[in-house]
Each structure stands twice: as C-alpha cells, then as structure tokens.
file data.json (JSON, C-alpha atoms)
[["chain", "number", "residue", "atom", "x", "y", "z"],
["A", 1265, "MET", "CA", 25.64, 1.80, -49.90],
["A", 1266, "ARG", "CA", 25.75, 4.00, -46.82],
["A", 1267, "TYR", "CA", 22.57, 4.18, -44.72],
["A", 1268, "TYR", "CA", 21.80, 6.64, -41.95],
["A", 1269, "PHE", "CA", 19.79, 5.80, -38.83],
["A", 1270, "GLN", "CA", 17.74, 8.75, -37.56],
["A", 1271, "ILE", "CA", 16.69, 7.76, -34.04],
["A", 1272, "LYS", "CA", 13.25, 9.10, -33.13],
["A", 1273, "THR", "CA", 12.53, 9.71, -29.45],
["A", 1274, "LEU", "CA", 9.93, 11.53, -27.39],
["A", 1275, "ASP", "CA", 12.43, 14.41, -27.26],
["A", 1276, "GLY", "CA", 12.95, 14.66, -31.03],
["A", 1277, "ILE", "CA", 15.33, 13.15, -33.57],
["A", 1278, "GLU", "CA", 18.93, 12.14, -32.95],
["A", 1279, "SER", "CA", 20.56, 12.55, -36.35],
["A", 1280, "ASP", "CA", 23.13, 10.12, -37.68],
["A", 1281, "TRP", "CA", 25.79, 12.11, -39.54],
["A", 1282, "ASP", "CA", 28.19, 9.21, -40.20],
["A", 1283, "GLY", "CA", 26.03, 6.41, -41.53],
["A", 1284, "ILE", "CA", 26.94, 2.75, -41.88],
["A", 1285, "GLU", "CA", 27.74, 0.72, -45.00],
["A", 1286, "PHE", "CA", 25.40, -2.17, -45.74],
["A", 1287, "VAL", "CA", 25.06, -4.41, -48.78],
["A", 1288, "SER", "CA", 21.32, -3.72, -49.01],
["A", 1289, "LEU", "CA", 18.41, -1.91, -47.44],
["A", 1290, "ASP", "CA", 17.26, -5.26, -46.01],
["A", 1291, "ALA", "CA", 20.58, -5.61, -44.20],
["A", 1292, "ALA", "CA", 20.24, -2.06, -42.85],
["A", 1293, "LEU", "CA", 16.69, -2.85, -41.67],
["A", 1294, "ASP", "CA", 17.87, -5.99, -39.88],
["A", 1295, "ASP", "CA", 20.56, -4.00, -38.09],
["A", 1296, "ALA", "CA", 18.14, -1.19, -37.20],
["A", 1297, "ARG", "CA", 15.68, -3.70, -35.72],
["A", 1298, "ALA", "CA", 18.38, -5.35, -33.63],
["A", 1299, "SER", "CA", 19.80, -2.00, -32.51],
["A", 1300, "LEU", "CA", 16.41, -0.63, -31.51],
["A", 1301, "PHE", "CA", 15.57, -3.79, -29.59],
["A", 1302, "GLU", "CA", 18.89, -3.64, -27.72],
["A", 1303, "MET", "CA", 18.42, 0.06, -26.85],
["A", 1304, "VAL", "CA", 14.90, -0.57, -25.50],
["A", 1305, "ALA", "CA", 16.08, -3.63, -23.55],
["A", 1306, "GLU", "CA", 18.91, -1.61, -21.99],
["A", 1307, "ASP", "CA", 16.47, 1.11, -20.89],
["A", 1308, "LEU", "CA", 14.18, -1.46, -19.31],
["A", 1309, "LYS", "CA", 17.02, -3.38, -17.64],
["A", 1310, "THR", "CA", 18.23, -0.18, -15.98],
["A", 1311, "GLY", "CA", 14.72, 0.65, -14.77],
["A", 1312, "HIS", "CA", 14.14, 3.57, -17.13],
["A", 1313, "ALA", "CA", 11.05, 4.14, -19.22],
["A", 1314, "THR", "CA", 12.21, 4.27, -22.81],
["A", 1315, "LYS", "CA", 11.80, 7.44, -24.84],
["A", 1316, "LEU", "CA", 12.55, 5.61, -28.07],
["A", 1317, "LEU", "CA", 9.92, 5.62, -30.82],
["A", 1318, "GLY", "CA", 11.78, 4.13, -33.76],
["A", 1319, "ILE", "CA", 14.45, 4.55, -36.40],
["A", 1320, "ASP", "CA", 14.05, 6.16, -39.80],
["A", 1321, "ILE", "CA", 16.59, 4.98, -42.35],
["A", 1322, "THR", "CA", 17.71, 7.58, -44.88],
["A", 1323, "ASP", "CA", 20.25, 7.78, -47.67],
["A", 1324, "GLY", "CA", 23.14, 10.24, -47.90],
["A", 1325, "ASN", "CA", 20.85, 12.93, -49.31],
["A", 1326, "GLY", "CA", 18.41, 12.60, -46.41],
["A", 1327, "ASN", "CA", 15.79, 10.78, -48.47],
["A", 1328, "PHE", "CA", 13.54, 8.53, -46.37],
["A", 1329, "LEU", "CA", 13.98, 4.83, -47.24],
["A", 1330, "ALA", "CA", 12.38, 2.83, -44.44],
["A", 1331, "LYS", "CA", 11.10, 2.93, -40.87],
["A", 1332, "VAL", "CA", 11.47, 0.61, -37.89],
["A", 1333, "ARG", "CA", 8.91, 1.26, -35.15],
["A", 1334, "ILE", "CA", 9.36, 0.26, -31.54],
["A", 1335, "GLU", "CA", 6.03, -1.60, -31.64],
["A", 1336, "ASP", "CA", 7.23, -3.82, -34.47],
["A", 1337, "VAL", "CA", 10.49, -4.66, -32.72],
["A", 1338, "ILE", "CA", 8.90, -5.56, -29.40],
["A", 1339, "GLN", "CA", 6.02, -7.58, -30.90],
["A", 1340, "ASN", "CA", 8.22, -9.53, -33.32],
["A", 1341, "ASN", "CA", 11.29, -10.30, -31.21],
["A", 1342, "PRO", "CA", 11.26, -13.71, -29.50],
["A", 1343, "ARG", "CA", 14.12, -12.91, -27.13],
["A", 1344, "ASP", "CA", 13.44, -12.13, -23.48],
["A", 1345, "VAL", "CA", 14.17, -8.59, -22.35]]
call {"tool": "encode", "arguments": {"input": "data.json", "output": "structure tokens"}}
result
Amino acid sequence: MRYYFQIKTLDGIESDWDGIEFVSLDAALDDARASLFEMVAEDLKTGHATKLLGIDITDGNGNFLAKVRIEDVIQNNPRDV
C-alpha cells in the first residue's frame, strides 16, 4: 500500500504528493520515525533550531492513519544526535 508522509512544521504542513510503498502501516511508521529523527538531527548538527513537529501518515485519499511526534522520536531513540 502507498502511504503519504505529511510533514508538520511550525510554518505549516509540507504535503507529500508522491507517497511511498510499504508492506504495512507498521513499516511506514518505522520509516517515518527514522526519517523524522534524521531530519531533527541534521537541523541540530548544522546549528539550526528545528521547526519540525511531526509526521502525519495518510492514505491515498488523504485519510489520517497515524502520527509520529517529534517528542516520541527524541525520547525513544537511543542513538546520539
């Protein structure tokens, strides 16, 4: 199934018009968590305050399926930034 990552920032929502194929919603959630963590880490490594808030995962019709919040990613990721 194709899942769409709507990136939520302090400035609004960056819509994903292409989507990505995953075997399950759990697989999409894992990828969203890793992607969000990497985006936040990149902001911090370059000395910028992140504007990222999270990622909403939707289906092809725009129906909300799941949410990954920045707080969850930072608190639950054992890697060093």
call {"tool": "residues_around", "arguments": {"input": "data.json", "residues": "region 1270-1286 of chain A", "least_positions_apart": "6", "cutoff": "7 Å", "atoms": "all atoms listed in the file", "output": "number ranges by chain"}}
result
A: 1292, 1315-1321
call {"tool": "closest_residue", "arguments": {"input": "data.json", "among": "A:Asp1307, A:Arg1333, A:Phe1328, A:Tyr1267", "to": "Val1287 (chain A)", "atoms": "only C-alpha atoms"}}
result
A:Tyr1267
call {"tool": "atom_distance", "arguments": {"input": "data.json", "atom1": "CA of Leu1289 (chain A)", "atom2": "CA of Glu1306 (chain A)"}}
result
25.5 Å
call {"tool": "residues_near_point", "arguments": {"input": "data.json", "point": "(13.2, -3.6, -43.2)", "cutoff": "12 Å", "atoms": "only C-alpha atoms", "output": "list in words"}}
result
Ser1288, Leu1289, Asp1290, Ala1291, Ala1292, Leu1293, Asp1294, Asp1295, Ala1296, Arg1297, Ala1298, Ile1319, Asp1320, Ile1321, Leu1329, Ala1330, Lys1331, Val1332, Arg1333, Asp1336 and Val1337 of chain A
call {"tool": "atom_distance", "arguments": {"input": "data.json", "atom1": "CA of Gly1324 (chain A)", "atom2": "CA of Met1303 (chain A)"}}
result
23.9 Å
call {"tool": "atom_distance", "arguments": {"input": "data.json", "atom1": "CA of Thr1314 (chain A)", "atom2": "CA of Gln1339 (chain A)"}}
result
15.6 Å
call {"tool": "closest_residue", "arguments": {"input": "data.json", "among": "A:Asn1327, A:His1312, A:Glu1335, A:Thr1322", "to": "Arg1266 (chain A)", "atoms": "all atoms listed in the file"}}
result
A:Thr1322
